[in-house]
>>> print(open('coords.cif').read())   # mmCIF, C-alpha atoms
data_start
#
loop_
_atom_site.label_atom_id
_atom_site.label_comp_id
_atom_site.auth_asym_id
_atom_site.auth_seq_id
_atom_site.Cartn_x
_atom_site.Cartn_y
_atom_site.Cartn_z
CA MET A 1109 -20.14 26.88 -10.54
CA ASP A 1110 -17.81 24.75 -12.66
CA ILE A 1111 -15.72 22.01 -11.07
CA ILE A 1112 -12.99 20.44 -13.18
CA ILE A 1113 -13.47 16.69 -12.95
CA PRO A 1114 -10.70 14.28 -14.03
CA SER A 1115 -11.41 12.55 -17.34
CA THR A 1116 -11.65 9.04 -15.85
CA VAL A 1117 -14.16 10.22 -13.22
CA MET A 1118 -16.11 11.95 -15.97
CA ASP A 1119 -16.10 8.70 -17.94
CA ILE A 1120 -17.59 6.87 -14.94
CA ILE A 1121 -20.34 9.47 -14.63
CA ASN A 1122 -21.09 9.26 -18.36
CA ILE A 1123 -21.24 5.45 -18.28
CA LEU A 1124 -23.77 5.52 -15.45
CA GLU A 1125 -25.83 8.21 -17.18
CA ASN A 1126 -25.77 6.31 -20.48
CA ASN A 1127 -27.34 3.44 -18.54
CA LYS A 1128 -30.16 5.78 -17.40
CA PHE A 1129 -28.83 6.43 -13.88
CA GLU A 1130 -27.89 9.58 -12.01
CA ALA A 1131 -24.27 10.15 -10.97
CA TYR A 1132 -22.52 12.91 -9.03
CA VAL A 1133 -19.11 13.50 -7.50
CA VAL A 1134 -19.71 13.95 -3.81
CA GLY A 1135 -18.23 14.91 -0.45
CA GLY A 1136 -14.63 15.94 0.10
CA CYS A 1137 -13.73 16.28 -3.58
CA VAL A 1138 -16.52 18.84 -4.04
CA ARG A 1139 -15.51 20.69 -0.87
CA ASP A 1140 -11.84 20.82 -1.85
CA SER A 1141 -12.62 21.86 -5.43
CA ILE A 1142 -14.68 24.81 -4.22
CA LEU A 1143 -11.83 25.79 -1.88
CA GLY A 1144 -9.37 25.64 -4.77
CA ARG A 1145 -7.59 22.60 -3.34
CA THR A 1146 -6.62 19.49 -5.26
CA PRO A 1147 -8.80 16.58 -4.08
CA ASN A 1148 -7.05 13.42 -2.91
CA ASP A 1149 -9.93 11.19 -3.97
CA TRP A 1150 -12.96 11.45 -6.22
CA ASP A 1151 -16.01 9.66 -4.83
CA ILE A 1152 -19.09 9.10 -6.96
CA THR A 1153 -22.65 8.62 -5.76
CA THR A 1154 -25.48 7.20 -7.87
CA ASP A 1155 -29.03 5.92 -7.70
CA ALA A 1156 -27.92 2.65 -9.34
CA LEU A 1157 -27.98 -0.29 -6.94
CA PRO A 1158 -24.53 -1.75 -6.16
CA GLU A 1159 -25.20 -4.99 -8.04
CA LYS A 1160 -26.17 -2.95 -11.09
CA VAL A 1161 -23.01 -0.84 -10.79
CA MET A 1162 -20.93 -4.02 -10.76
CA GLU A 1163 -22.76 -5.38 -13.78
CA ILE A 1164 -22.33 -2.17 -15.79
CA PHE A 1165 -18.60 -1.88 -15.23
CA LYS A 1166 -17.83 -5.57 -15.60
CA GLU A 1167 -19.48 -5.40 -19.03
CA ILE A 1168 -16.93 -2.81 -20.17
CA GLY A 1169 -14.02 -4.85 -18.80
CA ALA A 1170 -13.23 -2.82 -15.70
CA THR A 1171 -12.04 -4.48 -12.49
CA VAL A 1172 -14.82 -4.25 -9.90
CA VAL A 1173 -14.41 -5.00 -6.17
CA PRO A 1174 -17.42 -5.22 -3.80
CA THR A 1175 -15.50 -3.40 -1.05
CA GLY A 1176 -18.57 -2.40 0.95
CA ILE A 1177 -21.45 -3.76 -1.03
CA LYS A 1178 -23.57 -4.25 2.11
CA HIS A 1179 -23.43 -0.48 2.57
CA GLY A 1180 -23.75 0.24 -1.13
CA THR A 1181 -20.09 0.83 -2.01
CA VAL A 1182 -18.36 -0.70 -5.02
CA THR A 1183 -14.78 0.06 -6.04
CA VAL A 1184 -14.02 0.34 -9.74
CA ILE A 1185 -10.35 0.07 -10.75
CA ILE A 1186 -9.38 1.82 -13.96
CA ASP A 1187 -5.73 2.24 -15.05
CA ASN A 1188 -4.62 1.10 -11.58
CA ASP A 1189 -6.58 3.90 -9.89
CA SER A 1190 -9.49 3.11 -7.55
CA TYR A 1191 -12.82 4.95 -7.54
CA GLU A 1192 -15.55 4.36 -4.98
CA ILE A 1193 -19.11 4.40 -6.30
CA THR A 1194 -21.79 4.43 -3.59
CA THR A 1195 -25.53 4.04 -4.00
CA TYR A 1196 -27.77 6.73 -2.50
CA ARG A 1197 -28.71 5.45 0.93
CA ILE A 1198 -30.44 6.18 4.19
CA ASP A 1199 -28.74 4.90 7.34
CA GLY A 1200 -30.82 2.91 9.79
CA GLU A 1201 -30.62 3.14 13.57
CA TYR A 1202 -27.19 3.45 15.22
CA LYS A 1203 -26.85 1.48 18.46
CA ASP A 1204 -23.12 1.58 19.15
CA SER A 1205 -21.99 5.11 18.14
CA ARG A 1206 -20.11 3.50 15.26
CA ARG A 1207 -22.24 2.05 12.48
CA PRO A 1208 -25.89 1.77 11.41
CA GLU A 1209 -27.79 -1.45 12.08
CA GLU A 1210 -29.02 -1.41 8.49
CA VAL A 1211 -28.74 0.57 5.26
CA ILE A 1212 -31.73 1.43 3.10
CA PHE A 1213 -31.08 2.36 -0.51
CA THR A 1214 -32.97 5.36 -1.86
CA SER A 1215 -33.48 6.98 -5.25
CA LYS A 1216 -33.24 10.53 -3.84
CA LEU A 1217 -29.91 12.33 -3.69
CA GLN A 1218 -31.09 14.72 -0.98
CA GLU A 1219 -31.85 11.83 1.38
CA ASP A 1220 -28.34 10.49 0.83
CA LEU A 1221 -26.72 13.86 1.52
CA ALA A 1222 -28.85 14.29 4.66
CA ARG A 1223 -27.05 11.38 6.37
CA ARG A 1224 -23.59 12.90 5.97
CA ASP A 1225 -21.60 14.46 8.78
CA PHE A 1226 -20.97 18.14 8.01
CA THR A 1227 -22.58 20.60 5.64
CA ILE A 1228 -19.29 21.22 3.84
CA ASN A 1229 -19.12 17.48 3.06
CA ALA A 1230 -22.77 17.17 2.02
CA MET A 1231 -22.54 18.66 -1.46
CA ALA A 1232 -22.74 16.85 -4.79
CA TYR A 1233 -21.87 18.04 -8.30
CA ASN A 1234 -22.72 16.99 -11.83
CA PRO A 1235 -21.49 19.03 -14.83
CA LYS A 1236 -24.97 19.01 -16.39
CA LYS A 1237 -27.03 19.50 -13.25
CA GLY A 1238 -24.65 21.73 -11.33
CA LEU A 1239 -24.07 21.87 -7.56
CA LYS A 1240 -26.56 20.20 -5.26
CA ASP A 1241 -26.25 21.93 -1.90
CA TYR A 1242 -29.38 21.29 0.17
CA PHE A 1243 -27.74 22.18 3.51
CA ASN A 1244 -25.92 25.42 2.62
CA GLY A 1245 -22.46 23.87 2.71
CA SER A 1246 -21.10 26.43 0.25
CA ASP A 1247 -22.16 29.25 2.61
CA ASP A 1248 -20.39 27.52 5.49
CA LEU A 1249 -17.29 27.21 3.32
CA LYS A 1250 -17.39 30.95 2.65
CA ASN A 1251 -17.92 31.69 6.35
CA LYS A 1252 -15.29 29.11 7.40
CA ILE A 1253 -17.66 27.21 9.66
CA ILE A 1254 -17.78 23.53 10.62
CA LYS A 1255 -21.44 22.62 11.19
CA THR A 1256 -23.24 19.27 11.21
CA VAL A 1257 -25.99 18.37 8.79
CA GLY A 1258 -29.07 18.69 11.00
CA ASN A 1259 -28.97 18.17 14.77
CA PRO A 1260 -25.37 17.68 15.99
CA ILE A 1261 -26.53 15.45 18.86
CA ASP A 1262 -28.07 13.09 16.32
CA ARG A 1263 -25.01 13.14 14.06
CA PHE A 1264 -22.57 12.42 16.90
CA ASN A 1265 -24.80 9.74 18.42
CA GLU A 1266 -24.74 8.03 15.04
CA ASP A 1267 -20.95 7.98 14.81
CA ALA A 1268 -18.89 9.34 17.71
CA LEU A 1269 -15.80 9.61 15.50
CA ARG A 1270 -17.46 12.61 13.86
CA MET A 1271 -16.54 14.63 16.95
CA LEU A 1272 -12.86 14.08 16.20
CA ARG A 1273 -13.50 14.74 12.52
CA ALA A 1274 -15.02 18.12 13.38
CA ILE A 1275 -11.80 19.13 15.12
CA ARG A 1276 -9.71 17.61 12.35
CA PHE A 1277 -11.48 19.62 9.64
CA SER A 1278 -11.24 22.73 11.80
CA ALA A 1279 -7.48 22.19 12.09
CA GLN A 1280 -6.88 21.34 8.43
CA LEU A 1281 -9.02 24.14 7.01
CA THR A 1282 -8.51 26.73 9.79
CA PHE A 1283 -12.29 26.92 10.24
CA ASP A 1284 -14.27 27.63 13.40
CA ILE A 1285 -16.62 25.01 14.82
CA GLU A 1286 -20.19 26.25 15.18
CA LYS A 1287 -21.40 26.80 18.77
CA ASP A 1288 -24.14 24.13 18.83
CA THR A 1289 -21.70 21.63 17.35
CA ILE A 1290 -19.15 22.38 20.10
CA GLU A 1291 -21.80 21.99 22.80
CA ALA A 1292 -22.80 18.62 21.37
CA ILE A 1293 -19.18 17.45 21.39
CA GLU A 1294 -18.79 18.51 25.02
CA LYS A 1295 -21.98 16.67 25.96
CA LEU A 1296 -21.17 13.44 24.12
CA SER A 1297 -17.37 13.38 24.37
CA GLY A 1298 -17.39 10.20 26.46
CA ASN A 1299 -18.91 8.29 23.54
CA ILE A 1300 -15.54 8.38 21.80
CA LYS A 1301 -14.66 5.37 23.96
CA ASN A 1302 -16.98 3.32 21.73
CA ILE A 1303 -14.69 3.94 18.75
CA SER A 1304 -11.77 1.65 17.95
CA ILE A 1305 -8.38 3.07 18.87
CA GLU A 1306 -7.23 2.60 15.26
CA ARG A 1307 -9.93 4.98 13.95
CA ILE A 1308 -9.16 7.47 16.73
CA ARG A 1309 -5.44 7.26 15.94
CA GLU A 1310 -5.96 8.07 12.27
CA GLU A 1311 -7.95 11.22 13.08
CA PHE A 1312 -5.44 12.21 15.76
CA ASN A 1313 -2.62 11.83 13.22
CA LYS A 1314 -4.40 14.13 10.78
CA ILE A 1315 -4.88 16.73 13.51
CA ILE A 1316 -1.26 16.81 14.60
CA LEU A 1317 -0.06 16.78 10.98
CA SER A 1318 -2.19 19.80 10.09
CA ASP A 1319 -1.00 23.40 10.00
CA ASN A 1320 -2.75 23.85 13.36
CA PRO A 1321 -1.57 21.24 15.87
CA LYS A 1322 -2.85 23.63 18.54
CA ALA A 1323 -6.22 22.02 17.81
CA ILE A 1324 -5.07 19.62 20.55
CA TYR A 1325 -6.39 22.33 22.87
CA ASP A 1326 -9.85 21.71 21.39
CA LEU A 1327 -9.47 17.97 21.93
CA TYR A 1328 -8.66 18.74 25.56
CA ASN A 1329 -11.17 21.53 26.17
CA TYR A 1330 -14.10 19.63 24.65
CA GLY A 1331 -13.39 16.55 26.78
CA LEU A 1332 -12.23 14.17 24.05
CA LEU A 1333 -8.51 13.86 24.74
CA GLU A 1334 -8.87 12.49 28.26
CA ASN A 1335 -10.66 9.45 26.84
CA PHE A 1336 -7.67 8.22 24.83
CA MET A 1337 -4.72 10.35 25.97
CA PRO A 1338 -5.31 11.17 29.67
CA GLU A 1339 -1.58 11.74 30.29
CA PHE A 1340 -1.76 15.16 28.62
CA LYS A 1341 -4.12 16.50 31.30
CA LEU A 1342 -1.27 16.91 33.81
CA ALA A 1343 0.98 18.62 31.26
CA ILE A 1344 -1.51 21.19 30.03
CA ASN A 1345 -1.31 23.46 33.09
CA THR A 1346 2.02 22.45 34.68
CA LYS A 1347 4.03 25.64 35.14
CA GLN A 1348 7.76 25.81 34.47
CA ASN A 1349 9.29 28.34 36.84
CA ASN A 1350 12.68 28.11 35.22
CA PRO A 1351 14.86 30.67 33.38
CA HIS A 1352 14.80 28.48 30.26
CA HIS A 1353 11.01 28.50 29.95
CA ILE A 1354 8.16 31.01 29.73
CA TYR A 1355 5.28 28.61 28.97
CA THR A 1356 3.46 25.82 30.77
CA VAL A 1357 4.52 22.33 29.77
CA GLY A 1358 1.38 21.96 27.66
CA LYS A 1359 1.86 25.23 25.78
CA HIS A 1360 5.55 24.46 25.27
CA ILE A 1361 4.61 21.07 23.78
CA ILE A 1362 2.13 22.62 21.33
CA LYS A 1363 4.54 25.36 20.28
CA SER A 1364 7.32 22.83 19.73
CA MET A 1365 4.99 20.88 17.44
CA GLU A 1366 4.35 24.03 15.42
CA ASN A 1367 8.11 24.45 15.03
CA ILE A 1368 8.81 21.12 13.32
CA ASP A 1369 8.16 19.52 9.93
CA LYS A 1370 4.76 17.95 9.29
CA GLU A 1371 6.07 14.41 9.58
CA LEU A 1372 4.32 11.94 11.86
CA ILE A 1373 7.38 10.75 13.78
CA LEU A 1374 8.57 14.31 14.39
CA ARG A 1375 5.15 15.63 15.44
CA LEU A 1376 4.59 12.63 17.75
CA THR A 1377 8.05 13.18 19.25
CA MET A 1378 7.31 16.79 20.10
CA PHE A 1379 3.90 15.88 21.49
CA LEU A 1380 5.48 13.33 23.82
CA HIS A 1381 8.97 14.70 24.51
CA ASP A 1382 8.01 16.43 27.78
CA ILE A 1383 4.92 14.39 28.68
CA GLY A 1384 6.76 13.13 31.79
CA LYS A 1385 7.72 16.55 33.17
CA PRO A 1386 4.75 16.82 35.60
CA LYS A 1387 5.94 13.59 37.26
CA THR A 1388 9.51 14.83 37.73
CA ILE A 1389 9.01 18.42 38.90
CA THR A 1390 10.98 19.60 41.93
CA THR A 1391 11.46 23.14 43.23
CA ASP A 1392 14.71 24.33 44.78
CA ASP A 1393 15.20 26.83 47.63
CA ASN A 1394 15.16 29.72 45.14
CA GLY A 1395 11.75 28.73 43.77
CA ILE A 1396 13.18 27.43 40.49
CA ASP A 1397 11.59 24.30 39.05
CA HIS A 1398 13.67 21.40 37.79
CA PHE A 1399 12.67 18.30 35.83
CA HIS A 1400 15.53 15.88 36.40
CA ASN A 1401 15.41 12.64 34.39
CA HIS A 1402 12.29 13.78 32.53
CA PRO A 1403 13.51 12.44 29.12
CA LEU A 1404 13.53 8.84 30.42
CA VAL A 1405 10.23 9.27 32.27
CA SER A 1406 8.74 10.77 29.09
CA LYS A 1407 10.13 7.87 27.07
CA ASP A 1408 8.48 5.32 29.36
CA MET A 1409 5.15 7.17 29.23
CA ALA A 1410 5.43 7.58 25.46
CA GLU A 1411 5.91 3.84 25.04
CA VAL A 1412 2.71 3.14 26.98
CA ILE A 1413 0.77 5.74 24.96
CA LEU A 1414 2.04 4.67 21.54
CA LYS A 1415 1.37 0.99 22.21
CA ARG A 1416 -2.10 1.79 23.51
CA MET A 1417 -2.74 3.75 20.31
CA LYS A 1418 -1.42 0.76 18.32
CA TYR A 1419 1.24 2.57 16.34
CA ASP A 1420 3.55 0.33 14.33
CA ASN A 1421 6.83 -0.81 15.89
CA ASN A 1422 9.02 1.27 13.58
CA THR A 1423 7.21 4.48 14.54
CA ILE A 1424 7.35 3.56 18.24
CA ASP A 1425 11.08 2.80 18.14
CA LYS A 1426 11.99 6.03 16.35
CA VAL A 1427 9.82 8.24 18.56
CA LEU A 1428 11.15 6.66 21.76
CA THR A 1429 14.74 7.20 20.60
CA LEU A 1430 14.12 10.87 19.83
CA VAL A 1431 12.25 11.44 23.09
CA GLN A 1432 15.05 9.81 25.10
CA TYR A 1433 17.75 12.05 23.61
CA HIS A 1434 15.76 15.26 23.05
CA ASP A 1435 17.51 16.97 25.97
CA GLN A 1436 20.99 15.58 25.27
CA ARG A 1437 23.74 18.18 25.43
CA ILE A 1438 26.78 17.47 23.25
CA SER A 1439 29.40 19.70 21.67
CA THR A 1440 32.53 17.76 20.65
CA LYS A 1441 33.00 15.51 17.63
CA LYS A 1442 33.81 12.66 19.99
CA SER A 1443 30.46 13.04 21.80
CA ILE A 1444 28.68 13.33 18.45
CA ARG A 1445 30.27 10.08 17.21
CA ARG A 1446 29.27 8.36 20.48
CA LEU A 1447 25.66 9.42 20.07
CA LEU A 1448 25.72 8.46 16.40
CA SER A 1449 26.87 4.97 17.36
CA LYS A 1450 23.83 4.66 19.64
CA ILE A 1451 21.06 6.04 17.43
CA GLY A 1452 22.34 6.06 13.84
CA GLU A 1453 22.68 8.75 11.19
CA GLU A 1454 18.99 9.16 10.23
CA ASN A 1455 17.83 9.47 13.82
CA PHE A 1456 20.60 11.98 14.48
CA LYS A 1457 19.39 14.15 11.60
CA ASP A 1458 15.89 14.08 13.06
CA LEU A 1459 17.25 14.78 16.53
CA ILE A 1460 18.78 18.03 15.30
CA LYS A 1461 15.30 19.05 14.09
CA VAL A 1462 13.87 18.08 17.48
CA TRP A 1463 16.49 20.16 19.34
CA LYS A 1464 15.68 23.20 17.22
CA ALA A 1465 11.92 22.83 17.64
CA ASP A 1466 12.37 22.38 21.39
CA VAL A 1467 14.50 25.47 22.02
CA LYS A 1468 12.31 27.65 19.79
CA ALA A 1469 9.46 26.92 22.21
CA GLN A 1470 11.49 28.00 25.26
CA ASN A 1471 12.64 31.41 26.52
CA PRO A 1472 13.22 33.56 23.39
CA ASP A 1473 15.89 35.60 25.20
CA LEU A 1474 18.13 32.53 25.31
CA LEU A 1475 17.28 31.31 21.81
CA PRO A 1476 20.18 32.81 19.76
CA LYS A 1477 22.87 31.10 21.84
CA LYS A 1478 21.01 27.78 21.87
CA LEU A 1479 20.51 27.82 18.10
CA GLU A 1480 24.20 28.67 17.66
CA ASN A 1481 25.15 25.63 19.76
CA ILE A 1482 22.90 23.35 17.70
CA SER A 1483 24.31 24.81 14.48
CA ASN A 1484 27.84 24.06 15.69
CA VAL A 1485 26.87 20.46 16.43
CA ASP A 1486 25.28 20.16 12.98
CA THR A 1487 28.45 21.52 11.33
CA LYS A 1488 30.63 19.00 13.17
CA PHE A 1489 28.17 16.24 12.29
CA GLN A 1490 28.46 17.11 8.59
CA GLU A 1491 32.25 17.08 8.85
CA ILE A 1492 32.12 13.60 10.41
CA LEU A 1493 30.05 12.40 7.45
CA GLU A 1494 32.26 14.12 4.88
CA LYS A 1495 35.38 12.51 6.34
CA ASN A 1496 33.65 9.12 6.54
CA GLN A 1497 34.56 8.84 10.21
CA CYS A 1498 33.45 5.54 11.68
CA PHE A 1499 30.67 5.38 14.27
CA SER A 1500 29.14 1.96 13.56
CA LEU A 1501 30.34 -1.62 13.19
CA LYS A 1502 29.44 -1.71 9.51
CA ASP A 1503 31.99 1.07 8.86
CA LEU A 1504 34.71 -0.50 10.96
CA ALA A 1505 37.79 -1.31 8.82
CA ILE A 1506 37.99 -4.81 10.28
CA SER A 1507 35.37 -7.56 10.29
CA GLY A 1508 34.53 -10.74 12.13
CA LYS A 1509 36.02 -12.70 9.25
CA ASP A 1510 39.34 -10.89 9.76
CA LEU A 1511 39.33 -11.84 13.44
CA ILE A 1512 38.66 -15.51 12.59
CA ASN A 1513 41.60 -15.42 10.16
CA LEU A 1514 43.71 -14.16 13.07
CA GLY A 1515 42.86 -17.33 14.96
CA ILE A 1516 40.01 -16.11 17.16
CA LYS A 1517 37.29 -18.73 17.49
CA PRO A 1518 33.81 -17.79 16.19
CA GLY A 1519 31.43 -16.87 18.98
CA LYS A 1520 30.68 -14.23 21.58
CA GLU A 1521 34.30 -13.07 21.77
CA ILE A 1522 34.20 -11.84 18.16
CA GLY A 1523 31.43 -9.36 18.94
CA GLU A 1524 33.12 -8.21 22.13
CA ILE A 1525 36.39 -7.50 20.32
CA LEU A 1526 34.66 -5.64 17.47
CA ASN A 1527 32.68 -3.46 19.90
CA LYS A 1528 35.83 -2.65 21.85
CA LEU A 1529 37.61 -1.69 18.62
CA LEU A 1530 34.63 0.48 17.64
CA GLU A 1531 34.91 2.33 20.96
CA GLU A 1532 38.57 3.03 20.27
CA VAL A 1533 37.83 4.23 16.74
CA ILE A 1534 35.08 6.54 18.01
CA GLU A 1535 37.65 8.01 20.42
CA ASN A 1536 40.28 8.25 17.69
CA PRO A 1537 38.99 8.13 14.07
CA GLU A 1538 42.52 7.67 12.70
CA MET A 1539 42.53 4.20 14.27
CA ASN A 1540 39.97 3.02 11.66
CA ASP A 1541 42.62 1.44 9.49
CA ARG A 1542 42.67 -2.29 8.81
CA ASP A 1543 46.38 -2.77 9.49
CA LYS A 1544 46.26 -0.71 12.68
CA LEU A 1545 43.24 -2.63 13.97
CA ILE A 1546 44.79 -6.01 13.15
CA LYS A 1547 47.94 -4.98 14.98
CA ARG A 1548 45.79 -3.80 17.92
CA VAL A 1549 44.10 -7.20 18.10
CA GLN A 1550 47.44 -9.04 17.88
CA ILE A 1551 48.93 -6.96 20.71
CA SER A 1552 45.85 -7.56 22.87
CA ALA A 1553 46.05 -11.30 22.19
CA GLN A 1554 49.68 -11.37 23.31
CA VAL A 1555 48.79 -9.52 26.51
#
>>> encode(input="coords.cif", output="C-alpha cells")
Amino acid sequence: MDIIIPSTVMDIINILENNKFEAYVVGGCVRDSILGRTPNDWDITTDALPEKVMEIFKEIGATVVPTGIKHGTVTVIIDNDSYEITTYRIDGEYKDSRRPEEVIFTSKLQEDLARRDFTINAMAYNPKKGLKDYFNGSDDLKNKIIKTVGNPIDRFNEDALRMLRAIRFSAQLTFDIEKDTIEAIEKLSGNIKNISIERIREEFNKIILSDNPKAIYDLYNYGLLENFMPEFKLAINTKQNNPHHIYTVGKHIIKSMENIDKELILRLTMFLHDIGKPKTITTDDNGIDHFHNHPLVSKDMAEVILKRMKYDNNTIDKVLTLVQYHDQRISTKKSIRRLLSKIGEENFKDLIKVWKADVKAQNPDLLPKKLENISNVDTKFQEILEKNQCFSLKDLAISGKDLINLGIKPGKEIGEILNKLLEEVIENPEMNDRDKLIKRVQISAQV
C-alpha cells in the first residue's frame, strides 16, 4: 500500500530517520488516506524522546513549541504550518475518565498503537516500512466497522469522550458500530458527565455537521444524550396529530436537519427549533394537536441549552433569532421589510433556508404549496434588495446630524424620531427621501 505523504511531512520523517530514529505518519491521516479522503492533519509518531525532537528541529532552524511535552507531543512549525510529533508512549492508569495519571515513553510502535481508541485510528505508515496495522484496522475500514482497540470497557473507562467519538466516526464515515462497542457505551454512558462540556460540544458539533445527523438517535438510544441534552428526551416520541405533520417531533427535527446546509448555526437551529413543542401541546375537540407559542418556548429552552453547552455569544444570538421566527408567516413586501428591520438581511437569508428545511420535514402532501409560498417571499425579498428599499436606520435617508441641524436637541428624542421615521419608510418605501423626511420632521415639530 502506497500513501502519498506531503513533502514537508516526508522531510520531517527523513530528518528523524537521518538522526537514527523511527518515524511514521499515524492515526487519522492514515485512515483517511486509505479511504481516499484528503487528511486535514498529518501527525507523526517517533521513538525519539520529546526533548530530542526539539533539539533536532531547533538545530535546523525550525520553530518548535512544547505543546504537550509532558505527554510526549512537540509541535514543529514549518512554512507557517504546524505538525505534531509525538513520542511512542504507554498511558498509565486513568482515574477520572479523562486523562492518564502518567505517561510512560516506549521504544515500541505497537505499544503506542495499542493505547489508541479505535482500530481504524491505530495504523501507522512509513514509505520504507509500509503499513503497520497490528489491530486489523484496514479490515475494519473495508467492512465499515467502528471497533475499539482491545476491550471497549477499558477504552471507554480510560476516556469517556471516546463513546461520543465512536458515534461521531460512525456518522462521518457512515460506518456501523460493532456490537460489543455499543454494549460498552450503553453500560458506561453515565461516565460522559466526567468530560468537560467544551469537549462534548466539539464532538456534538461534528456529529450534527456530518452527512448523518440522524446519529443523534444513537446518542439518545445509547444513553449519552440525556447526560448533556436531556430536553430532547421529551421531543423524541412526542406525536403530532396535525394535518401539517406525519412525524413525531423528534423525527421531524432530525429530518429538518438533513434538509439544511452543513453549517453549525443552521444545524443547531433545526435541532432546537421545535424543542419546546412537548411543553406546548394541546388537543382540540377533534383530536388535532396544536403547539401554540412553541417558537418562543423553544427559544427560551434553546438559550438554556446553548449557554449550558458554552457556545459563543454570536452563535447563541443567531440561533435564538432563527428559532424565534422559524414559524413566522409573511407574504407582503411590507411584512418582509418589517421582519428585515428586526433581524437583518443575513439572518433573513438564513431564515428562508430554515423555512424550507422545516416544511420539507412536514406532510409531503402540503409541501408544493408551502415551497411556493416561501419562493414568493424570497422573490419579494430580492426585489426589496434590488430596489434598495430601506429597512434599517443605517439606510434611512436622514440622520441624527440632520435632526440636530433642524434644531432638535441631542438626546433620546433623536432616536425616537429616527425610529418613527423608519416605521413610516417601511410602510411606504417612497418616503425614504431626505427632503421628504426633513419636511415630515418640520411638520411634526409644528404640530
>>> resolve_selection(input="coords.cif", expression="the PyMOL selection byres ((chain A and resi 1157-1170) around 9)", output="MDAnalysis selection string")
chainID A and resid 1120 1123:1124 1127 1154:1156 1171:1174 1177:1186 1193:1196 1213
>>> atom_distance(input="coords.cif", atom1="CA of Thr1429 (chain A)", atom2="CA of Ile1492 (chain A)")
21.1 Å
>>> atom_distance(input="coords.cif", atom1="CA of Tyr1328 (chain A)", atom2="CA of Ile1344 (chain A)")
8.8 Å
>>> resolve_selection(input="coords.cif", expression="the PyMOL selection byres ((chain A and resi 1243) around 9)", output="PDB file with C-alpha atoms, in the frame of the given file")
ATOM      1  CA  LEU A1221     -26.720  13.860   1.520  1.00  0.00           C
ATOM      2  CA  ALA A1222     -28.850  14.290   4.660  1.00  0.00           C
ATOM      3  CA  THR A1227     -22.580  20.600   5.640  1.00  0.00           C
ATOM      4  CA  ILE A1228     -19.290  21.220   3.840  1.00  0.00           C
ATOM      5  CA  ALA A1230     -22.770  17.170   2.020  1.00  0.00           C
ATOM      6  CA  MET A1231     -22.540  18.660  -1.460  1.00  0.00           C
ATOM      7  CA  ASP A1241     -26.250  21.930  -1.900  1.00  0.00           C
ATOM      8  CA  TYR A1242     -29.380  21.290   0.170  1.00  0.00           C
ATOM      9  CA  ASN A1244     -25.920  25.420   2.620  1.00  0.00           C
ATOM     10  CA  GLY A1245     -22.460  23.870   2.710  1.00  0.00           C
ATOM     11  CA  SER A1246     -21.100  26.430   0.250  1.00  0.00           C
ATOM     12  CA  VAL A1257     -25.990  18.370   8.790  1.00  0.00           C
ATOM     13  CA  GLY A1258     -29.070  18.690  11.000  1.00  0.00           C
TER      14      GLY A1258
END
>>> atom_distance(input="coords.cif", atom1="CA of Ala1323 (chain A)", atom2="CA of Glu1366 (chain A)")
11.0 Å
>>> closest_residue(input="coords.cif", among="A:Lys1385, A:Tyr1191, A:Met1365, A:Ile1451", to="Lys1341 (chain A)", atoms="all atoms listed in the file")
A:Lys1385
